[in-house]
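S.K.: You'll find data-v7.txt just under this line, and it carries compact mmCIF, C-alpha atoms.
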```txt
# COMPACT_ATOMS: atom_id res chain seq x y z
CA MET A 451 0.18 38.87 122.02
CA ILE A 452 -2.01 36.69 119.80
CA ALA A 453 -2.51 37.36 116.10
CA VAL A 454 -5.69 38.87 114.71
CA GLU A 455 -6.58 35.51 113.09
CA GLN A 456 -6.37 33.74 116.47
CA TRP A 457 -8.48 36.45 118.14
CA ALA A 458 -11.15 36.04 115.45
CA GLU A 459 -11.08 32.22 115.76
CA ILE A 460 -11.44 32.36 119.55
CA ARG A 461 -14.51 34.56 119.31
CA ARG A 462 -16.02 32.38 116.59
CA LEU A 463 -15.56 29.16 118.52
CA HIS A 464 -16.95 30.53 121.78
CA ASN A 465 -19.73 32.85 120.54
CA SER A 466 -20.89 30.98 117.47
CA GLU A 467 -20.24 27.29 118.28
CA GLY A 468 -20.40 27.48 122.08
CA VAL A 469 -16.99 25.84 122.65
CA PRO A 470 -15.89 26.31 126.28
CA ILE A 471 -12.79 28.25 127.18
CA LYS A 472 -10.90 25.17 128.36
CA GLU A 473 -11.47 23.36 125.04
CA ILE A 474 -10.50 26.46 123.00
CA SER A 475 -7.28 26.68 125.03
CA ARG A 476 -6.53 23.03 124.28
CA ARG A 477 -7.34 23.23 120.55
CA LEU A 478 -5.34 26.39 119.87
CA GLY A 479 -2.58 25.82 122.40
CA ILE A 480 -3.26 29.16 124.07
CA ALA A 481 -3.45 29.92 127.78
CA ARG A 482 -6.94 30.18 129.24
CA ASN A 483 -6.36 33.74 130.46
CA THR A 484 -5.36 34.71 126.92
CA VAL A 485 -8.64 33.20 125.67
CA ARG A 486 -10.57 35.12 128.31
CA SER A 487 -8.80 38.39 127.35
CA ALA A 488 -9.62 37.83 123.68
CA LEU A 489 -13.30 37.24 124.49
CA ALA A 490 -13.41 40.38 126.66
CA SER A 491 -11.87 42.58 123.97
CA SER A 492 -14.25 44.02 121.35
CA GLU A 493 -11.36 45.19 119.16
CA PRO A 494 -8.69 43.12 117.44
CA PRO A 495 -5.26 43.09 119.08
CA LYS A 496 -2.89 45.83 117.94
CA TYR A 497 0.78 46.16 118.59
CA LYS A 498 1.66 49.38 120.37
CA ARG A 499 5.22 50.44 120.87
CA ALA A 500 5.98 51.99 124.20
CA PRO A 501 6.55 55.74 123.81
CA LYS A 502 10.16 56.82 123.92
CA GLY A 503 11.63 60.23 124.54
CA SER A 504 12.66 62.57 121.73
CA LEU A 505 15.85 64.56 121.26
CA ALA A 506 13.65 67.66 121.20
CA ASP A 507 12.15 67.09 124.67
CA ALA A 508 14.99 68.84 126.48
CA PHE A 509 14.75 71.84 124.15
CA GLU A 510 10.97 72.17 124.15
CA PRO A 511 10.79 74.84 126.92
CA ASP A 512 13.18 77.07 124.93
CA ILE A 513 11.23 76.41 121.72
CA ARG A 514 7.97 77.39 123.39
CA LYS A 515 9.53 80.53 124.84
CA LEU A 516 10.60 81.69 121.38
CA LEU A 517 7.27 80.81 119.74
CA ALA A 518 5.35 82.63 122.47
CA GLU A 519 7.15 85.85 121.51
CA TYR A 520 7.59 85.20 117.76
CA PRO A 521 4.92 82.73 116.55
CA THR A 522 6.13 82.84 112.93
CA MET A 523 9.84 82.37 113.61
CA PRO A 524 11.26 79.81 111.12
CA ALA A 525 12.57 76.53 112.48
CA THR A 526 16.04 77.33 111.09
CA VAL A 527 16.21 80.50 113.18
CA ILE A 528 14.95 78.65 116.25
CA ALA A 529 17.75 76.11 115.73
CA GLU A 530 20.31 78.93 115.85
CA ARG A 531 18.80 80.52 118.96
CA ILE A 532 18.66 77.29 120.98
CA GLU A 533 21.95 75.96 119.55
CA TRP A 534 20.30 72.80 118.21
CA PRO A 535 22.98 70.10 117.73
CA HIS A 536 20.93 67.35 116.04
CA SER A 537 19.08 66.69 112.79
CA MET A 538 16.84 69.50 111.57
CA THR A 539 14.09 67.02 110.72
CA VAL A 540 13.52 66.23 114.40
CA LEU A 541 13.36 69.92 115.33
CA LYS A 542 11.06 70.84 112.41
CA ASP A 543 8.62 68.08 113.37
CA ARG A 544 8.44 69.34 116.95
CA VAL A 545 8.09 73.01 115.89
CA ARG A 546 5.36 72.05 113.41
CA ALA A 547 3.44 70.33 116.22
CA ILE A 548 3.83 73.20 118.71
CA ARG A 549 3.46 76.27 116.47
CA PRO A 550 -0.40 76.15 116.11
CA GLU A 551 -0.71 76.63 119.88
CA TYR A 552 0.84 80.08 119.55
CA ARG A 553 0.13 81.15 116.00
CA GLY A 554 -3.42 79.86 115.83
CA VAL A 555 -5.04 78.03 112.92
CA ASP A 556 -6.70 79.39 109.80
CA PRO A 557 -9.27 76.80 108.70
CA ALA A 558 -10.42 76.88 105.09
CA ASP A 559 -14.13 76.29 104.60
CA ARG A 560 -15.22 74.15 101.69
CA ILE A 561 -17.30 76.22 99.29
CA GLU A 562 -20.13 74.59 97.42
CA HIS A 563 -20.46 76.16 93.98
CA LYS A 564 -23.84 76.14 92.29
CA PRO A 565 -24.20 75.36 88.59
CA GLY A 566 -23.61 78.37 86.38
CA ASP A 567 -22.59 80.63 89.26
CA THR A 568 -18.80 81.05 89.22
CA THR A 569 -15.84 81.08 86.85
CA GLN A 570 -12.34 81.43 88.31
CA CYS A 571 -9.86 83.27 86.04
CA ASP A 572 -6.10 83.58 86.20
CA LEU A 573 -2.94 84.09 84.13
CA TRP A 574 -0.49 81.20 83.91
CA PHE A 575 3.08 81.71 82.66
CA PRO A 576 4.65 78.52 81.24
CA LYS A 577 8.36 78.27 81.93
CA THR A 578 9.14 77.21 78.35
CA PRO A 579 9.93 80.23 76.10
CA ILE A 580 7.72 80.41 73.00
CA PRO A 581 9.22 81.41 69.60
CA LEU A 582 7.67 84.72 68.50
CA GLY A 583 9.40 85.26 65.17
CA ALA A 584 12.27 87.57 64.21
CA GLY A 585 14.57 85.41 66.30
CA GLN A 586 12.72 86.24 69.54
CA SER A 587 11.40 83.93 72.27
CA ALA A 588 9.61 84.78 75.50
CA GLN A 589 7.47 83.40 78.30
CA MET A 590 3.96 84.30 77.23
CA PRO A 591 0.83 84.58 79.43
CA VAL A 592 -1.89 81.96 79.16
CA LEU A 593 -5.42 82.89 80.22
CA VAL A 594 -6.99 80.03 82.20
CA MET A 595 -10.69 79.91 83.12
CA THR A 596 -12.24 77.19 85.29
CA LEU A 597 -15.96 76.69 85.79
CA ALA A 598 -16.22 76.14 89.54
CA PHE A 599 -19.12 73.69 89.44
CA SER A 600 -18.13 71.40 86.57
CA ARG A 601 -14.33 71.95 86.88
CA TYR A 602 -14.28 72.46 83.11
CA ILE A 603 -11.01 74.09 81.96
CA SER A 604 -10.66 76.61 79.12
CA ALA A 605 -7.34 78.24 78.23
CA THR A 606 -5.58 80.18 75.48
CA MET A 607 -2.26 81.97 75.09
CA ILE A 608 -2.55 85.75 74.66
CA PRO A 609 -0.03 88.35 73.36
CA SER A 610 0.28 90.37 76.59
CA ARG A 611 -1.18 90.91 80.04
CA MET A 612 -2.70 94.27 79.08
CA ALA A 613 -6.43 94.72 79.68
CA GLY A 614 -7.43 94.67 76.03
CA ASP A 615 -5.70 91.34 75.38
CA ILE A 616 -6.97 89.71 78.59
CA LEU A 617 -10.56 90.74 77.84
CA ALA A 618 -10.21 89.60 74.23
CA GLY A 619 -9.02 86.20 75.49
CA MET A 620 -11.97 85.97 77.90
CA TRP A 621 -14.42 86.80 75.12
CA LEU A 622 -12.81 84.12 72.91
CA LEU A 623 -13.13 81.42 75.59
CA LEU A 624 -16.66 82.48 76.54
CA GLY A 625 -17.61 82.26 72.88
CA GLN A 626 -16.36 78.68 72.83
CA LEU A 627 -18.50 77.88 75.88
CA GLY A 628 -21.50 79.71 74.44
CA ALA A 629 -22.46 81.22 77.81
CA VAL A 630 -21.09 83.16 80.79
CA SER A 631 -21.37 82.46 84.51
CA HIS A 632 -23.08 84.89 86.89
CA ARG A 633 -19.77 85.76 88.58
CA LEU A 634 -16.21 86.07 87.29
CA TRP A 635 -13.52 85.70 89.97
CA TRP A 636 -10.16 87.42 89.47
CA ASP A 637 -7.18 88.17 91.64
CA ARG A 638 -5.70 91.67 91.75
CA GLU A 639 -4.20 91.54 88.28
CA SER A 640 -3.27 95.15 87.49
CA ALA A 641 -5.23 95.16 84.21
CA ILE A 642 -8.37 93.86 85.94
CA ALA A 643 -8.36 95.49 89.39
CA THR A 644 -6.93 98.59 91.01
CA SER A 645 -4.71 98.50 94.08
CA ALA A 646 -7.82 99.26 96.14
CA GLY A 647 -9.49 96.07 94.93
CA LYS A 648 -11.94 97.77 92.56
CA PRO A 649 -12.44 96.64 88.94
CA THR A 650 -10.75 98.81 86.33
CA VAL A 651 -12.91 100.80 83.92
CA ASP A 652 -12.24 98.38 81.04
CA ALA A 653 -12.94 95.29 83.16
CA ALA A 654 -16.11 96.79 84.66
CA ALA A 655 -17.40 97.72 81.20
CA PHE A 656 -16.68 94.19 79.95
CA ALA A 657 -18.53 92.57 82.87
CA GLY A 658 -21.41 95.01 82.51
CA THR A 659 -21.88 94.10 78.85
CA LEU A 660 -22.03 90.43 79.86
CA SER A 661 -24.42 91.20 82.77
CA SER A 662 -21.99 89.29 84.97
CA LYS A 663 -20.44 90.37 88.28
CA LEU A 664 -16.68 90.80 88.57
CA VAL A 665 -15.47 89.60 91.98
CA ILE A 666 -11.95 90.67 93.04
CA ALA A 667 -9.97 88.54 95.50
CA PRO A 668 -9.09 89.93 98.93
CA PRO A 669 -5.44 90.93 99.40
CA ARG A 670 -2.99 88.13 100.22
CA ASP A 671 -5.56 85.37 99.79
CA PRO A 672 -4.23 82.81 97.27
CA GLU A 673 -6.88 80.29 98.33
CA PHE A 674 -9.66 82.55 97.04
CA LYS A 675 -9.34 81.03 93.57
CA GLY A 676 -7.46 77.89 94.50
CA MET A 677 -9.31 75.79 91.93
CA VAL A 678 -7.83 77.59 88.93
CA GLU A 679 -4.46 77.81 90.71
CA ARG A 680 -4.41 73.99 90.97
CA HIS A 681 -5.31 73.76 87.30
CA ASN A 682 -2.35 76.02 86.50
CA GLY A 683 -0.11 73.49 88.22
CA TYR A 684 -1.90 70.66 86.40
CA LEU A 685 -1.21 72.35 83.06
CA GLY A 686 2.44 72.88 83.95
CA GLN A 687 3.00 69.26 84.97
CA SER A 688 0.80 67.34 82.54
CA PHE A 689 0.53 69.49 79.41
CA MET A 690 4.00 71.03 79.20
CA ALA A 691 5.96 67.83 79.86
CA GLY A 692 8.02 66.86 76.82
CA ARG A 693 6.43 69.38 74.42
CA THR A 694 8.00 71.84 72.01
CA PHE A 695 6.22 74.63 70.16
CA ALA A 696 6.77 76.37 66.84
CA GLY A 697 4.96 79.52 68.03
CA PRO A 698 1.87 80.82 69.83
CA ALA A 699 -0.53 79.37 67.23
CA ASP A 700 1.06 75.92 67.58
CA PHE A 701 0.89 76.24 71.38
CA ASN A 702 -2.84 77.01 71.27
CA ASP A 703 -3.51 74.17 68.83
CA GLN A 704 -1.76 71.65 71.08
CA LEU A 705 -3.43 73.09 74.18
CA THR A 706 -6.91 72.84 72.63
CA GLU A 707 -6.31 69.23 71.67
CA TRP A 708 -5.00 68.36 75.14
CA LEU A 709 -7.88 70.11 76.96
CA ALA A 710 -10.39 68.05 74.98
CA THR A 711 -8.89 64.98 76.68
CA ALA A 712 -8.23 66.59 80.08
CA ASN A 713 -11.89 67.59 80.45
CA THR A 714 -12.95 63.97 80.01
CA ARG A 715 -11.06 62.69 83.06
CA THR A 716 -13.13 61.73 86.13
CA VAL A 717 -12.91 64.27 88.97
CA ARG A 718 -13.15 62.70 92.42
CA VAL A 719 -15.18 65.53 93.97
CA LEU A 720 -17.72 65.40 91.18
CA GLY A 721 -17.76 61.67 90.70
CA SER A 722 -18.07 62.40 86.98
CA ARG A 723 -16.27 64.03 84.08
CA PRO A 724 -16.16 67.85 83.65
CA VAL A 725 -17.44 67.53 80.09
CA ASP A 726 -20.55 65.75 81.43
CA ALA A 727 -21.12 68.21 84.30
CA LEU A 728 -20.74 71.07 81.82
CA VAL A 729 -24.25 70.37 80.52
CA GLU A 730 -25.83 71.26 83.88
CA ASP A 731 -23.37 74.10 84.40
CA ARG A 732 -24.14 75.71 81.06
CA ALA A 733 -27.89 75.36 81.52
CA ARG A 734 -27.72 77.77 84.52
CA MET A 735 -25.32 80.27 82.92
CA LEU A 736 -26.21 83.57 81.28
CA ALA A 737 -26.60 83.87 77.51
CA LEU A 738 -23.93 85.85 75.70
CA PRO A 739 -24.96 89.41 74.70
CA PRO A 740 -25.94 89.99 71.05
CA VAL A 741 -23.37 92.80 70.80
CA ALA A 742 -19.77 91.92 71.54
CA PRO A 743 -18.11 93.83 74.41
CA THR A 744 -15.23 96.18 73.76
CA THR A 745 -11.98 94.21 73.74
CA GLY A 746 -8.52 94.43 72.24
CA LEU A 747 -5.97 97.22 72.29
CA ARG A 748 -7.33 100.54 70.99
CA THR A 749 -5.85 103.94 70.29
CA THR A 750 -6.57 107.02 68.18
CA VAL A 751 -3.65 108.99 66.71
CA ARG A 752 -2.96 111.50 63.95
CA LEU A 753 -1.00 109.69 61.27
CA ALA A 754 2.50 111.10 60.97
CA ARG A 755 4.55 111.50 57.78
CA ASP A 756 6.20 108.08 58.23
CA TYR A 757 2.66 106.51 58.00
CA TYR A 758 3.20 103.96 60.84
CA VAL A 759 1.22 103.38 64.03
CA ARG A 760 2.50 101.57 67.13
CA ILE A 761 0.67 98.87 69.07
CA ASP A 762 2.38 96.94 71.88
CA SER A 763 5.88 98.06 70.78
CA VAL A 764 5.35 96.96 67.14
CA ASP A 765 4.92 99.44 64.25
CA TYR A 766 2.37 98.79 61.48
CA SER A 767 2.21 100.64 58.15
CA VAL A 768 -0.92 102.59 57.13
CA ASP A 769 -2.17 103.92 53.81
CA PRO A 770 -0.09 107.13 53.41
CA ARG A 771 -2.98 108.93 51.73
CA VAL A 772 -4.45 109.63 55.19
CA ILE A 773 -1.31 111.28 56.56
CA GLY A 774 -2.28 114.12 58.88
CA ARG A 775 -5.73 112.71 59.61
CA LEU A 776 -7.00 110.94 62.75
CA VAL A 777 -6.97 107.15 62.53
CA GLU A 778 -8.37 104.57 64.94
CA VAL A 779 -6.23 101.50 65.64
CA VAL A 780 -7.78 98.27 66.99
CA ALA A 781 -5.62 95.23 67.77
CA SER A 782 -7.36 91.93 68.41
CA LEU A 783 -5.54 88.73 69.38
CA HIS A 784 -4.74 88.01 65.74
CA THR A 785 -5.18 91.16 63.61
CA VAL A 786 -4.46 94.89 63.65
CA THR A 787 -7.01 97.08 61.85
CA VAL A 788 -6.67 100.81 61.18
CA THR A 789 -9.66 102.90 60.07
CA CYS A 790 -10.07 106.54 59.06
CA ALA A 791 -13.57 108.06 59.02
CA GLY A 792 -14.99 104.53 59.04
CA ALA A 793 -12.94 103.28 56.08
CA VAL A 794 -10.28 100.59 56.55
CA VAL A 795 -6.86 102.01 55.65
CA ALA A 796 -4.69 99.14 56.96
CA GLU A 797 -5.10 95.55 58.09
CA HIS A 798 -2.25 93.33 59.28
CA ARG A 799 -1.76 90.04 61.03
CA ARG A 800 -0.72 90.92 64.57
CA SER A 801 2.91 90.31 65.46
CA TRP A 802 3.58 88.93 68.95
CA SER A 803 7.25 89.83 68.81
CA ARG A 804 8.70 92.88 70.52
CA ARG A 805 10.00 96.07 68.89
CA GLY A 806 9.30 94.94 65.34
CA THR A 807 7.96 96.53 62.16
CA VAL A 808 5.19 95.20 59.91
CA THR A 809 5.07 96.84 56.47
CA SER A 810 2.69 96.40 53.55
CA PRO A 811 4.41 96.66 50.13
CA GLU A 812 1.30 98.39 48.82
CA HIS A 813 1.72 101.19 51.36
CA VAL A 814 5.37 101.63 50.36
CA ASP A 815 4.43 101.91 46.67
CA LEU A 816 1.69 104.44 47.46
CA ALA A 817 4.10 106.53 49.51
CA LYS A 818 6.62 106.50 46.65
CA GLN A 819 3.98 107.68 44.17
CA LEU A 820 2.74 110.39 46.55
CA ARG A 821 6.28 111.75 46.87
CA VAL A 822 6.65 111.89 43.08
CA ASP A 823 3.33 113.71 42.74
CA TYR A 824 4.23 116.15 45.51
CA TRP A 825 7.54 117.22 44.01
CA GLN A 826 5.98 117.44 40.59
CA ARG A 827 3.46 119.97 41.91
CA VAL A 828 6.27 121.88 43.62
CA ARG A 829 8.19 122.20 40.35
CA GLU A 830 5.08 123.28 38.45
CA GLN A 831 4.24 126.12 40.85
CA PRO A 832 4.93 129.63 39.40
CA PRO A 833 7.75 131.68 40.95
CA MET A 834 6.94 134.10 43.72
CA SER A 835 7.66 137.11 41.48
CA SER A 836 4.68 136.28 39.29
CA PHE A 837 2.26 136.93 42.10
CA THR A 838 0.69 140.42 42.50
CA ASP A 839 3.11 142.75 44.22
CA PRO A 840 1.89 143.77 47.65
CA VAL A 841 0.85 147.38 48.26
CA VAL A 842 3.69 149.40 49.78
CA ARG A 843 2.27 151.98 52.16
CA SER A 844 3.82 155.21 53.28
CA LEU A 845 4.85 155.51 56.93
CA ARG A 846 2.54 158.55 57.13
CA ASP A 847 -0.43 156.19 56.62
CA TYR A 848 0.45 154.35 59.84
CA ASP A 849 0.83 157.68 61.69
CA ASP A 850 -2.68 158.64 60.63
CA LEU A 851 -4.03 155.19 61.54
CA TYR A 852 -2.81 155.45 65.15
CA ASP A 853 -3.38 159.27 65.36
CA VAL A 854 0.20 160.22 66.07
CA ASP A 855 2.39 162.95 64.60
CA PHE A 856 6.02 162.06 65.12
CA ALA A 857 7.16 165.00 62.96
CA GLY A 858 5.21 167.58 65.04
CA ASN A 859 6.43 166.12 68.32
CA ALA A 860 9.95 166.37 67.09
CA ALA A 861 9.41 170.09 66.34
CA VAL A 862 7.93 170.77 69.79
CA ASP A 863 10.80 168.98 71.45
CA SER A 864 13.23 171.18 69.52
CA GLU A 865 11.48 174.36 70.69
CA VAL A 866 11.52 173.19 74.34
CA SER A 867 15.19 172.43 74.08
CA ALA A 868 15.92 175.93 72.66
```
Would you mind writing the structure in this file as structure tokens?
M.R.:
Amino acid sequence: MIAVEQWAEIRRLHNSEGVPIKEISRRLGIARNTVRSALASSEPPKYKRAPKGSLADAFEPDIRKLLAEYPTMPATVIAERIEWPHSMTVLKDRVRAIRPEYRGVDPADRIEHKPGDTTQCDLWFPKTPIPLGAGQSAQMPVLVMTLAFSRYISATMIPSRMAGDILAGMWLLLGQLGAVSHRLWWDRESAIATSAGKPTVDAAAFAGTLSSKLVIAPPRDPEFKGMVERHNGYLGQSFMAGRTFAGPADFNDQLTEWLATANTRTVRVLGSRPVDALVEDRARMLALPPVAPTTGLRTTVRLARDYYVRIDSVDYSVDPRVIGRLVEVVASLHTVTVTCAGAVVAEHRRSWSRRGTVTSPEHVDLAKQLRVDYWQRVREQPPMSSFTDPVVRSLRDYDDLYDVDFAGNAAVDSEVSA
């Protein structure tokens, strides 16, 4: 077989310069029939190895028989059933080639996202434990949001995967973008969707305030929001590599700095940078509502004598002067605020640790003074004997009240007995 360079030279000499076949054969030292074959071929010569048999050929009928009955049977199980004696690589390659004939194929259509239409949301859990204080460390959730058109990534670590914290994280990231897409895609995260695939009350109220539509993924469909899933992997491989963190705040600071660079990389599908495509994306998005949606963890309790309220397993002290009254507790991503009848009675920085206690020295001093005042009043109260003695009534008064005469009845009974 001649080389590609010789094939090209033969065609140039004959077709371009008009050199006859005999002369080409003499100049290049190639047989005339080889020259004729090169001129007749419209494609360059390519070496093709003659097909050889495979070790799996003899086992293919048994493989097909098993796949016809069990299309999803793993290759390792097939190897046991057919007593495969050779390398698993050979068998896996043959099973991979045959399986679609029995299992069928599930093609994934490419979805074209319009500017401002869709944001894919997900929770990503970095493998590196984050220090939370009080000697505690844990794997914390990170809320990741990807604009489907521009591929722009926003992310922040949140204290928990409860609805209030997830929605607070979404509101924070949307505030940074300055707009919200027409649709928000979520998987069946328990705080966002019910087992039936319907948005929860909190999530529906949040989306309604934004005038956006909450779209819940079908069951067992990881490709539904594959864009943000790929970004989760991108964060795990590129952002986390070689990093250490002093706490959640340090994590978010480093993440914000890294995302500013990550969003300036050129995306092949776009042919541009996400930060540049964001301009067109944001121009088609909805404006944020003038009134913020309800977010954060919220509860209303009657303050007990120990003047502490619990949010996400952590206890926070409250002004003891409102003991016995109803107080409303609101925990944002960073603060915990307690109000009573509209007045703030406690405000703390939120602790992300578990089973801790946050105490204000001012509340402790107030409680101490209230105890002193209470026992002082107790000691100053007059004794019970100084109060007006109650009226002692005769038993006859109660007989008259209920119109009974126990004495007369007793006399009648005596007469009957006699």
S.K.: If you measure from atom CA of A:Leu820 to atom CA of A:Val780, what distance in Å do you get, rounded to one decimal?
M.R.: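 Spanning atom CA of A:Leu820 to atom CA of A:Val780 is a straight-line distance of 26.0 Å.
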S.K.: How many Å lie between atom CA of A:Ile532 and atom CA of A:Leu516, rounded to one decimal?
M.R.: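 Result for atom CA of A:Ile532 versus atom CA of A:Leu516: 9.2 Å, one decimal.
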S.K.: Please, what distance in Å, to one decimal, runs between atom CA of A:Asn702 and atom CA of A:Thr606?
M.R.: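 Rounded to one decimal, the two atoms are 5.9 Å apart.
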S.K.: Name the closest residue to A:Val540 among the candidates A:Asp507, A:Glu639, A:Asp556, A:Asp703; distances are taken between atoms, counting only C-alpha atoms.
M.R.: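 Using only C-alpha atoms, the shortest distance to A:Val540 belongs to A:Asp507.
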S.K.: For A:Met451, work out the shell of residues within 12 Å, counting all atoms listed in the file and skipping chain neighbours fewer than 6 positions away, then give it as an MDAnalysis selection string.
M.R.: chainID A and resid 457 480:481 483:485 487:488 494:498
S.K.: Rank nothing, just name the residue among A:Val729, A:Ala791, A:Val814, A:Val630 nearest to A:Asp769, using all atoms listed in the file.
M.R.: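 Checking each of A:Val729, A:Ala791, A:Val814, A:Val630 against A:Asp769, counting all atoms listed in the file, the winner is A:Val814.
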S.K.: Go through A:Ala605, A:Val665, A:Ala781, A:Val768 and flag the residue nearest A:Thr749, using only C-alpha atoms for the distances.
M.R.: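 Among the listed residues, the smallest separation from A:Thr749 belongs to A:Ala781.
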S.K.: Which protein, DNA or RNA residues are at most 7 Å from (-2.4, 112.0, 58.9) in the file's coordinates when you count all atoms listed in the file, listed as a list in words?
M.R.: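 Neighbouring residues, ordered by chain and number, come to Arg752, Leu753, Ala754, Val772, Ile773, Gly774, Arg775 and Leu776 of chain A.
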S.K.: So which residues are close to (-19.0, 68.2, 84.7), meaning at most 10 Å away in the file's coordinates with only C-alpha atoms counted, and can you show them as a PDB file with C-alpha atoms, in the frame of the given file?
M.R.:
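And here is the file that came out, result_0.pdb:
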```
ATOM      1  CA  PRO A 565     -24.200  75.360  88.590  1.00  0.00           C
ATOM      2  CA  LEU A 597     -15.960  76.690  85.790  1.00  0.00           C
ATOM      3  CA  ALA A 598     -16.220  76.140  89.540  1.00  0.00           C
ATOM      4  CA  PHE A 599     -19.120  73.690  89.440  1.00  0.00           C
ATOM      5  CA  SER A 600     -18.130  71.400  86.570  1.00  0.00           C
ATOM      6  CA  ARG A 601     -14.330  71.950  86.880  1.00  0.00           C
ATOM      7  CA  TYR A 602     -14.280  72.460  83.110  1.00  0.00           C
ATOM      8  CA  ASN A 713     -11.890  67.590  80.450  1.00  0.00           C
ATOM      9  CA  THR A 714     -12.950  63.970  80.010  1.00  0.00           C
ATOM     10  CA  ARG A 715     -11.060  62.690  83.060  1.00  0.00           C
ATOM     11  CA  THR A 716     -13.130  61.730  86.130  1.00  0.00           C
ATOM     12  CA  VAL A 717     -12.910  64.270  88.970  1.00  0.00           C
ATOM     13  CA  LEU A 720     -17.720  65.400  91.180  1.00  0.00           C
ATOM     14  CA  GLY A 721     -17.760  61.670  90.700  1.00  0.00           C
ATOM     15  CA  SER A 722     -18.070  62.400  86.980  1.00  0.00           C
ATOM     16  CA  ARG A 723     -16.270  64.030  84.080  1.00  0.00           C
ATOM     17  CA  PRO A 724     -16.160  67.850  83.650  1.00  0.00           C
ATOM     18  CA  VAL A 725     -17.440  67.530  80.090  1.00  0.00           C
ATOM     19  CA  ASP A 726     -20.550  65.750  81.430  1.00  0.00           C
ATOM     20  CA  ALA A 727     -21.120  68.210  84.300  1.00  0.00           C
ATOM     21  CA  LEU A 728     -20.740  71.070  81.820  1.00  0.00           C
ATOM     22  CA  VAL A 729     -24.250  70.370  80.520  1.00  0.00           C
ATOM     23  CA  GLU A 730     -25.830  71.260  83.880  1.00  0.00           C
ATOM     24  CA  ASP A 731     -23.370  74.100  84.400  1.00  0.00           C
ATOM     25  CA  ARG A 732     -24.140  75.710  81.060  1.00  0.00           C
TER      26      ARG A 732
END
```
S.K.: Would you please work out which residue, of A:Gly585, A:Pro550, A:Gly676, A:Pro669, is nearest to A:Thr569 when using only C-alpha atoms?
M.R.: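 The closest residue to A:Thr569 is A:Gly676.
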S.K.: Considering all atoms listed in the file, give me a table of residues in stretch 713-800 of chain A that are at most 9 Å from stretch 652-663 of chain A, with the closest atom pair and distance in Å for each, as CSV.
M.R.:
```
residue,atom,partner,partner_atom,distance
A:Leu736,CA,A:Ser661,CA,8.0
A:Ala737,CA,A:Leu660,CA,8.3
A:Leu738,CA,A:Leu660,CA,6.5
A:Pro739,CA,A:Leu660,CA,6.0
A:Val741,CA,A:Thr659,CA,8.3
A:Ala742,CA,A:Thr659,CA,7.9
A:Pro743,CA,A:Phe656,CA,5.7
A:Thr744,CA,A:Phe656,CA,6.7
A:Thr745,CA,A:Phe656,CA,7.8
```
S.K.: Calculated over only C-alpha atoms, which of the candidates A:Arg821, A:Lys577, A:Ser640, A:Phe689 has the smallest distance to A:Trp708?
M.R.: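 Distance minimum relative to A:Trp708 lands on A:Phe689.
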S.K.: Which of these, A:Ile548, A:Val795, A:Leu617, A:Ala699, has the shortest distance to A:Pro581 once you count all atoms listed in the file?
M.R.: A:Ala699
S.K.: Could you list, as a ChimeraX atom specification, every residue within 10 Å of A:Arg553, counting all atoms listed in the file and ignoring same-chain residues fewer than 5 positions away?
M.R.: /A:517-518,520-522,548
S.K.: Which residues are near A:Cys571? Cut-off 10 Å, all atoms listed in the file, ignore same chain within fewer than 6 positions. Put them as a PyMOL selection string.
M.R.: chain A and resi 593-597+604-605+620+634-637+675+677-679
S.K.: For C-alpha atoms, I'd like the residues from the last selection saved as an mmCIF file, keeping the file's coordinate frame.
M.R.:
```cif
data_model
loop_
_atom_site.group_PDB
_atom_site.id
_atom_site.type_symbol
_atom_site.label_atom_id
_atom_site.label_comp_id
_atom_site.auth_asym_id
_atom_site.auth_seq_id
_atom_site.Cartn_x
_atom_site.Cartn_y
_atom_site.Cartn_z
ATOM 1 C CA LEU A 593 -5.420 82.890 80.220
ATOM 2 C CA VAL A 594 -6.990 80.030 82.200
ATOM 3 C CA MET A 595 -10.690 79.910 83.120
ATOM 4 C CA THR A 596 -12.240 77.190 85.290
ATOM 5 C CA LEU A 597 -15.960 76.690 85.790
ATOM 6 C CA SER A 604 -10.660 76.610 79.120
ATOM 7 C CA ALA A 605 -7.340 78.240 78.230
ATOM 8 C CA MET A 620 -11.970 85.970 77.900
ATOM 9 C CA LEU A 634 -16.210 86.070 87.290
ATOM 10 C CA TRP A 635 -13.520 85.700 89.970
ATOM 11 C CA TRP A 636 -10.160 87.420 89.470
ATOM 12 C CA ASP A 637 -7.180 88.170 91.640
ATOM 13 C CA LYS A 675 -9.340 81.030 93.570
ATOM 14 C CA MET A 677 -9.310 75.790 91.930
ATOM 15 C CA VAL A 678 -7.830 77.590 88.930
ATOM 16 C CA GLU A 679 -4.460 77.810 90.710
#
```
S.K.: For A:Glu797, please output as a ChimeraX atom specification all residues within 8 Å (counting only C-alpha atoms; exclusion window: fewer than 5 positions along the same chain).
M.R.: /A:785-788
